[in-house]
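Everything below belongs to start_3.pdb, which stores PDB, C-alpha atoms.
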```pdb
MODEL        1
ATOM      1  CA  MET J  45      17.157   6.131   8.468
ATOM      2  CA  ALA J  46      13.865   4.829   9.732
ATOM      3  CA  THR J  47      13.634   3.499  13.265
ATOM      4  CA  ASP J  48      11.250   0.920  14.679
ATOM      5  CA  PRO J  49       7.913   2.248  15.791
ATOM      6  CA  PRO J  50       7.685   1.901  19.587
ATOM      7  CA  SER J  51       4.254   0.228  19.561
ATOM      8  CA  ASP J  52       3.554  -3.337  18.431
ATOM      9  CA  ASN J  53       1.677  -2.120  15.365
ATOM     10  CA  LEU J  54       2.393   0.019  12.332
ATOM     11  CA  PRO J  55       1.490   3.690  12.874
ATOM     12  CA  LEU J  56      -1.191   3.314  10.210
ATOM     13  CA  ALA J  57      -3.935   5.038  12.207
ATOM     14  CA  GLU J  58      -1.717   8.135  12.384
ATOM     15  CA  VAL J  59      -1.082   7.913   8.632
ATOM     16  CA  LEU J  60      -4.801   7.722   7.859
ATOM     17  CA  ARG J  61      -5.567  10.541  10.301
ATOM     18  CA  GLY J  62      -2.939  12.653   8.539
ATOM     19  CA  ALA J  63      -4.520  11.971   5.151
ATOM     20  CA  ASN J  64      -7.945  12.921   6.501
ATOM     21  CA  GLY J  65      -6.362  16.123   7.796
ATOM     22  CA  LEU J  66      -5.250  17.019   4.278
ATOM     23  CA  VAL J  67      -8.853  16.849   3.067
ATOM     24  CA  ALA J  68     -10.006  18.945   6.039
ATOM     25  CA  ALA J  69      -7.285  21.510   5.264
ATOM     26  CA  GLY J  70      -8.498  21.727   1.659
ATOM     27  CA  LEU J  71      -5.166  20.500   0.259
ATOM     28  CA  ILE J  72      -6.514  17.391  -1.474
ATOM     29  CA  GLU J  73      -9.924  16.375  -2.774
ATOM     30  CA  ASP J  74      -9.922  12.721  -1.700
ATOM     31  CA  TRP J  75      -7.527   9.869  -0.977
ATOM     32  CA  ALA J  76      -7.318   6.103  -0.477
ATOM     33  CA  LEU J  77      -4.793   3.563   0.716
ATOM     34  CA  GLY J  78      -3.267   1.639  -2.199
ATOM     35  CA  GLY J  79      -0.184  -0.529  -2.785
ATOM     36  CA  ALA J  80       0.946  -3.405  -0.584
ATOM     37  CA  LEU J  81      -1.001  -2.381   2.513
ATOM     38  CA  ALA J  82      -4.228  -2.180   0.521
ATOM     39  CA  THR J  83      -3.473  -5.672  -0.795
ATOM     40  CA  ILE J  84      -2.929  -6.897   2.768
ATOM     41  CA  TYR J  85      -6.441  -5.680   3.589
ATOM     42  CA  TYR J  86      -7.653  -8.570   1.378
ATOM     43  CA  VAL J  87      -4.931 -11.227   1.677
ATOM     44  CA  GLU J  88      -2.552 -12.809   4.207
ATOM     45  CA  PRO J  89      -0.020 -10.361   5.716
ATOM     46  CA  PHE J  90       3.427 -10.011   4.143
ATOM     47  CA  THR J  91       6.397  -7.729   4.674
ATOM     48  CA  THR J  92       6.102  -4.220   3.361
ATOM     49  CA  TYR J  93       8.136  -1.210   4.326
ATOM     50  CA  ASP J  94       5.883   1.694   3.443
ATOM     51  CA  ALA J  95       2.342   2.946   2.942
ATOM     52  CA  ASP J  96       1.113   4.326  -0.375
ATOM     53  CA  ILE J  97      -1.534   7.022  -0.165
ATOM     54  CA  PHE J  98      -3.073   7.899  -3.523
ATOM     55  CA  PHE J  99      -4.733  11.293  -3.560
ATOM     56  CA  ILE J 100      -6.812  13.347  -5.956
ATOM     57  CA  PRO J 101      -5.114  16.747  -6.022
ATOM     58  CA  LYS J 102      -6.973  19.995  -5.641
ATOM     59  CA  ASP J 103      -4.035  21.737  -7.233
ATOM     60  CA  LYS J 104      -4.065  20.480 -10.827
ATOM     61  CA  GLY J 105      -0.646  22.000 -11.544
ATOM     62  CA  LEU J 106       2.574  20.138 -12.188
ATOM     63  CA  THR J 107       3.433  19.596  -8.515
ATOM     64  CA  ALA J 108      -0.104  18.367  -7.630
ATOM     65  CA  GLY J 109       0.232  20.407  -4.423
ATOM     66  CA  ILE J 110       2.912  18.073  -3.030
ATOM     67  CA  PRO J 111       5.008  20.877  -1.458
ATOM     68  CA  ALA J 112       1.975  22.172   0.476
ATOM     69  CA  ILE J 113       1.086  18.609   1.523
ATOM     70  CA  TYR J 114       4.596  17.988   2.835
ATOM     71  CA  ALA J 115       4.651  21.358   4.609
ATOM     72  CA  HIS J 116       1.285  20.679   6.251
ATOM     73  CA  LEU J 117       2.270  17.193   7.440
ATOM     74  CA  GLN J 118       5.592  18.473   8.781
ATOM     75  CA  THR J 119       3.653  20.866  11.013
ATOM     76  CA  GLN J 120       1.895  17.734  12.358
ATOM     77  CA  GLY J 121       5.231  16.165  13.328
ATOM     78  CA  TRP J 122       5.853  14.094  10.201
ATOM     79  CA  GLN J 123       9.428  13.967   8.992
ATOM     80  CA  VAL J 124      10.758  14.073   5.434
ATOM     81  CA  GLU J 125      13.355  11.650   4.117
ATOM     82  CA  ARG J 126      13.971  11.763   0.370
ATOM     83  CA  GLU J 127      10.689  10.982  -1.423
ATOM     84  CA  HIS J 128       9.073   9.645   1.744
ATOM     85  CA  LEU J 129       7.344  11.225   4.648
ATOM     86  CA  LEU J 130       7.931   9.390   7.899
ATOM     87  CA  VAL J 131       5.497   8.769  10.720
ATOM     88  CA  ARG J 132       7.318   7.327  13.751
ATOM     89  CA  GLY J 133       9.941   6.069  11.327
ATOM     90  CA  PHE J 134       7.428   4.404   9.007
ATOM     91  CA  PRO J 135       7.713   5.694   5.411
ATOM     92  CA  VAL J 136       4.618   7.007   3.636
ATOM     93  CA  GLN J 137       4.411   7.974  -0.029
ATOM     94  CA  PHE J 138       1.809  10.410  -1.324
ATOM     95  CA  LEU J 139       1.076   9.714  -4.977
ATOM     96  CA  ALA J 140      -1.102  11.899  -7.183
ATOM     97  CA  ALA J 141      -3.870   9.755  -8.677
ATOM     98  CA  HIS J 142      -4.933   9.952 -12.308
ATOM     99  CA  GLY J 143      -6.778   7.688 -14.728
ATOM    100  CA  LEU J 144      -7.123   4.210 -13.261
ATOM    101  CA  THR J 145      -5.751   5.210  -9.847
ATOM    102  CA  GLU J 146      -8.116   8.203  -9.675
ATOM    103  CA  GLU J 147     -11.013   5.851 -10.371
ATOM    104  CA  ALA J 148      -9.642   3.534  -7.663
ATOM    105  CA  VAL J 149      -9.672   6.420  -5.160
ATOM    106  CA  ARG J 150     -13.203   7.476  -6.086
ATOM    107  CA  GLU J 151     -14.584   3.933  -5.843
ATOM    108  CA  ALA J 152     -12.507   2.817  -2.846
ATOM    109  CA  GLU J 153     -14.033   0.875   0.033
ATOM    110  CA  ARG J 154     -14.773   2.806   3.200
ATOM    111  CA  ILE J 155     -13.268   1.232   6.301
ATOM    112  CA  ASP J 156     -12.676   2.005   9.938
ATOM    113  CA  TYR J 157      -9.145   1.401  11.177
ATOM    114  CA  GLU J 158      -8.661   1.713  14.937
ATOM    115  CA  GLY J 159     -11.501   4.241  14.986
ATOM    116  CA  VAL J 160     -10.168   6.277  12.048
ATOM    117  CA  PRO J 161     -12.397   6.514   8.967
ATOM    118  CA  ALA J 162     -10.418   5.635   5.863
ATOM    119  CA  LYS J 163     -10.658   4.358   2.303
ATOM    120  CA  VAL J 164      -8.838   1.422   0.776
ATOM    121  CA  PHE J 165      -8.652   0.474  -2.900
ATOM    122  CA  ARG J 166     -11.087  -2.232  -3.955
ATOM    123  CA  ALA J 167      -9.370  -5.565  -4.615
ATOM    124  CA  GLU J 168     -10.506  -5.388  -8.258
ATOM    125  CA  HIS J 169      -8.708  -2.064  -8.728
ATOM    126  CA  ILE J 170      -5.547  -3.438  -7.105
ATOM    127  CA  VAL J 171      -5.629  -6.300  -9.611
ATOM    128  CA  ALA J 172      -6.174  -3.902 -12.533
ATOM    129  CA  ILE J 173      -3.377  -1.565 -11.390
ATOM    130  CA  ALA J 174      -1.026  -4.550 -10.984
ATOM    131  CA  ALA J 175      -1.981  -5.725 -14.487
ATOM    132  CA  SER J 176      -1.151  -2.266 -15.846
ATOM    133  CA  VAL J 177       2.280  -2.215 -14.160
ATOM    134  CA  GLY J 178       3.244  -5.828 -14.890
ATOM    135  CA  ARG J 179       6.369  -6.387 -12.788
ATOM    136  CA  ALA J 180       7.036  -9.847 -11.288
ATOM    137  CA  LYS J 181       5.761  -8.664  -7.905
ATOM    138  CA  ASP J 182       2.591  -7.354  -9.542
ATOM    139  CA  LYS J 183       1.916 -10.781 -11.059
ATOM    140  CA  ALA J 184       2.423 -12.342  -7.629
ATOM    141  CA  ARG J 185       0.001  -9.778  -6.173
ATOM    142  CA  ILE J 186      -2.632 -10.644  -8.786
ATOM    143  CA  GLU J 187      -2.228 -14.362  -8.118
ATOM    144  CA  GLN J 188      -2.573 -13.830  -4.376
ATOM    145  CA  LEU J 189      -5.699 -11.694  -4.767
ATOM    146  CA  LEU J 190      -7.287 -14.176  -7.163
ATOM    147  CA  GLN J 191      -6.681 -16.946  -4.621
ATOM    148  CA  GLN J 192      -7.564 -15.194  -1.381
ATOM    149  CA  ALA J 193      -9.846 -12.197  -2.003
ATOM    150  CA  ASP J 194     -13.550 -12.351  -2.729
ATOM    151  CA  LEU J 195     -13.332 -10.595  -6.059
ATOM    152  CA  ASP J 196     -16.386  -9.352  -7.939
ATOM    153  CA  ARG J 197     -15.470 -10.870 -11.318
ATOM    154  CA  THR J 198     -18.006  -8.778 -13.242
ATOM    155  CA  TYR J 199     -16.701  -5.568 -11.685
ATOM    156  CA  LEU J 200     -13.102  -6.638 -12.401
ATOM    157  CA  GLU J 201     -13.862  -7.480 -16.050
ATOM    158  CA  ASN J 202     -15.535  -4.103 -16.423
ATOM    159  CA  VAL J 203     -12.518  -2.201 -14.994
ATOM    160  CA  LEU J 204     -10.081  -4.189 -17.149
ATOM    161  CA  HIS J 205     -12.187  -3.644 -20.268
ATOM    162  CA  ARG J 206     -12.616   0.119 -19.727
ATOM    163  CA  HIS J 207      -8.881   0.583 -19.216
ATOM    164  CA  ASN J 208      -7.913  -1.762 -22.041
ATOM    165  CA  LEU J 209      -6.094  -4.164 -19.727
ATOM    166  CA  ARG J 210      -5.686  -7.919 -19.587
ATOM    167  CA  LEU J 211      -4.683 -10.188 -16.771
ATOM    168  CA  PRO J 212      -1.173 -11.568 -17.324
ATOM    169  CA  LYS J 213      -0.595 -15.307 -17.730
ATOM    170  CA  LEU J 214       0.204 -16.597 -14.251
TER     171      LEU J 214
ATOM    172  CA  MET M 296       2.142 -22.958   4.336
ATOM    173  CA  LYS M 297      -1.124 -24.744   3.728
ATOM    174  CA  ALA M 298      -3.754 -22.989   1.650
ATOM    175  CA  GLU M 299      -6.330 -23.188   4.475
ATOM    176  CA  MET M 300      -3.908 -21.509   6.899
ATOM    177  CA  ARG M 301      -3.173 -18.744   4.385
ATOM    178  CA  GLN M 302      -6.892 -18.257   3.829
ATOM    179  CA  LYS M 303      -7.421 -18.061   7.595
ATOM    180  CA  LEU M 304      -4.724 -15.358   7.863
ATOM    181  CA  ALA M 305      -6.336 -13.476   4.992
ATOM    182  CA  ARG M 306      -9.641 -13.410   6.912
ATOM    183  CA  GLU M 307      -8.168 -11.767  10.030
ATOM    184  CA  SER M 308      -8.986  -8.135  10.817
ATOM    185  CA  PHE M 309      -6.905  -5.482   9.084
ATOM    186  CA  GLU M 310      -5.618  -4.298  12.466
ATOM    187  CA  GLU M 311      -4.419  -7.827  13.297
ATOM    188  CA  LYS M 312      -2.798  -8.159   9.884
ATOM    189  CA  THR M 313      -0.909  -4.861  10.195
ATOM    190  CA  ARG M 314       0.298  -6.031  13.616
ATOM    191  CA  LYS M 315       1.719  -9.107  11.879
ATOM    192  CA  VAL M 316       3.356  -6.885   9.231
ATOM    193  CA  ALA M 317       5.039  -4.934  12.064
ATOM    194  CA  GLN M 318       6.279  -8.252  13.502
ATOM    195  CA  LEU M 319       7.616  -9.292  10.096
ATOM    196  CA  ILE M 320       9.479  -5.981   9.762
ATOM    197  CA  ARG M 321      11.030  -6.429  13.208
ATOM    198  CA  LEU M 322      12.044 -10.000  12.347
ATOM    199  CA  ALA M 323      13.574  -8.907   9.036
ATOM    200  CA  LYS M 324      15.633  -6.281  10.865
ATOM    201  CA  THR M 325      16.711  -8.744  13.555
ATOM    202  CA  PHE M 326      17.573 -11.508  11.105
ATOM    203  CA  PRO M 327      18.537  -9.824   7.848
ATOM    204  CA  ARG M 328      18.874 -12.104   4.833
ATOM    205  CA  ARG M 329      22.420 -12.994   4.018
ATOM    206  CA  PRO M 330      23.391 -12.753   0.370
ATOM    207  CA  ARG M 331      23.723 -16.177  -1.223
ATOM    208  CA  PRO M 332      27.334 -17.321  -1.610
ATOM    209  CA  THR M 333      28.393 -17.036  -5.207
ATOM    210  CA  HIS M 334      30.728 -19.478  -6.881
ATOM    211  CA  ALA M 335      33.919 -17.737  -7.870
ATOM    212  CA  HIS M 336      34.554 -17.797 -11.585
ATOM    213  CA  PRO M 337      37.561 -20.066 -12.267
ATOM    214  CA  GLN M 338      39.251 -17.375 -14.289
ATOM    215  CA  GLY M 339      38.469 -14.763 -11.683
ATOM    216  CA  LYS M 340      40.781 -16.269  -9.057
TER     217      LYS M 340
ENDMDL
END
```
Serialized structure, structure tokens:
Amino acid sequence: MATDPPSDNLPLAEVLRGANGLVAAGLIEDWALGGALATIYYVEPFTTYDADIFFIPKDKGLTAGIPAIYAHLQTQGWQVEREHLLVRGFPVQFLAAHGLTEEAVREAERIDYEGVPAKVFRAEHIVAIAASVGRAKDKARIEQLLQQADLDRTYLENVLHRHNLRLPKL
Amino acid sequence: MKAEMRQKLARESFEEKTRKVAQLIRLAKTFPRRPRPTHAHPQGK
């Protein structure tokens, strides 16, 4: 199972560098950080045990090019454990984006993390994705973002409207 | 935690916040949550 990373931080820079490498290798079109770590970009930190990388596949087939992605990252020293890839013991999931998540990748915010160029979902897209999933933890995520992130309400309304979504009652 | 403190944490750099996530993970591994004691069902004794 996963072991603690030796440094005092998550190996996120290595994760982002790996994702950039997939674009450079022509295996994916684009990518962005989503899920809990993207939420943490906008709100107070909380415990999460993995990183979710949403990617727009170049291979539009059934596997979305996942086997080639895994093979490429393994040559870079990443390990495979069930559905996760591991970087220094930290699990990373690569998820093929489509529909709302593809839009979230395309419109993601560009950031610099420890010198690594990266993209992170906009807070408004995280809210919309959480509204579309609707689990208890998604409602909590929406509440937290509404309280702590500087949301563009017009942008959010537009995303929700285009994807036929509504915010849950909190 | 007070709302102002939470807001202050939310405003920290992403790098600082991921460092705190790493600390939280280490703490969770060091002090894992114990399952809550359940009351035995009287007929289950």
Could you please tell me, as a PDB file with C-alpha atoms, in the coordinates of the input, which residues of chain M have an atom within 8 Å of chain J when using only C-alpha atoms?
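Writing the result to result07.pdb gives the following:
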```
ATOM      1  CA  ARG M 301      -3.173 -18.744   4.385  1.00  0.00           C
ATOM      2  CA  GLN M 302      -6.892 -18.257   3.829  1.00  0.00           C
ATOM      3  CA  LYS M 303      -7.421 -18.061   7.595  1.00  0.00           C
ATOM      4  CA  LEU M 304      -4.724 -15.358   7.863  1.00  0.00           C
ATOM      5  CA  ALA M 305      -6.336 -13.476   4.992  1.00  0.00           C
ATOM      6  CA  ARG M 306      -9.641 -13.410   6.912  1.00  0.00           C
ATOM      7  CA  PHE M 309      -6.905  -5.482   9.084  1.00  0.00           C
ATOM      8  CA  GLU M 310      -5.618  -4.298  12.466  1.00  0.00           C
ATOM      9  CA  LYS M 312      -2.798  -8.159   9.884  1.00  0.00           C
ATOM     10  CA  THR M 313      -0.909  -4.861  10.195  1.00  0.00           C
ATOM     11  CA  ARG M 314       0.298  -6.031  13.616  1.00  0.00           C
ATOM     12  CA  LYS M 315       1.719  -9.107  11.879  1.00  0.00           C
ATOM     13  CA  VAL M 316       3.356  -6.885   9.231  1.00  0.00           C
ATOM     14  CA  ALA M 317       5.039  -4.934  12.064  1.00  0.00           C
ATOM     15  CA  GLN M 318       6.279  -8.252  13.502  1.00  0.00           C
ATOM     16  CA  LEU M 319       7.616  -9.292  10.096  1.00  0.00           C
ATOM     17  CA  ILE M 320       9.479  -5.981   9.762  1.00  0.00           C
ATOM     18  CA  ARG M 321      11.030  -6.429  13.208  1.00  0.00           C
TER      19      ARG M 321
END
```
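Of note, CA of Lys181 (chain J) and CA of Val149 (chain J) are spaced 21.8 Å apart.
Each of J:Leu139, J:Val124, J:Ala115, J:Ala69 was compared to Pro101 (chain J) using all atoms listed in the file, and J:Leu139 turns out to be the nearest.
Between CA of Leu66 (chain J) and CA of Glu127 (chain J) there is a distance of 18.0 Å.
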Give as a compact mmCIF listing (two decimals) with C-alpha atoms, in the coordinates of the input the set of residues within 7 Å of the point (-3.4, 0.0, -2.2), where distances use the file's coordinates and all atoms listed in the file.
```
# COMPACT_ATOMS: atom_id res chain seq x y z
CA LEU J 77 -4.79 3.56 0.72
CA GLY J 78 -3.27 1.64 -2.20
CA GLY J 79 -0.18 -0.53 -2.78
CA ALA J 80 0.95 -3.40 -0.58
CA LEU J 81 -1.00 -2.38 2.51
CA ALA J 82 -4.23 -2.18 0.52
CA THR J 83 -3.47 -5.67 -0.80
CA ASP J 96 1.11 4.33 -0.38
CA VAL J 164 -8.84 1.42 0.78
CA PHE J 165 -8.65 0.47 -2.90
CA ILE J 170 -5.55 -3.44 -7.10
```
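The two atoms in question, CA of Glu168 (chain J) and CA of Arg197 (chain J), are spaced 8.0 Å apart.
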>> Here's the selection I'm unsure about, the PyMOL selection byres ((chain J and resi 176-178) around 9); applied to the file above, which residues does it give, as a PyMOL selection string?
In response: chain J and resi 171-175+179-183+207+209-212
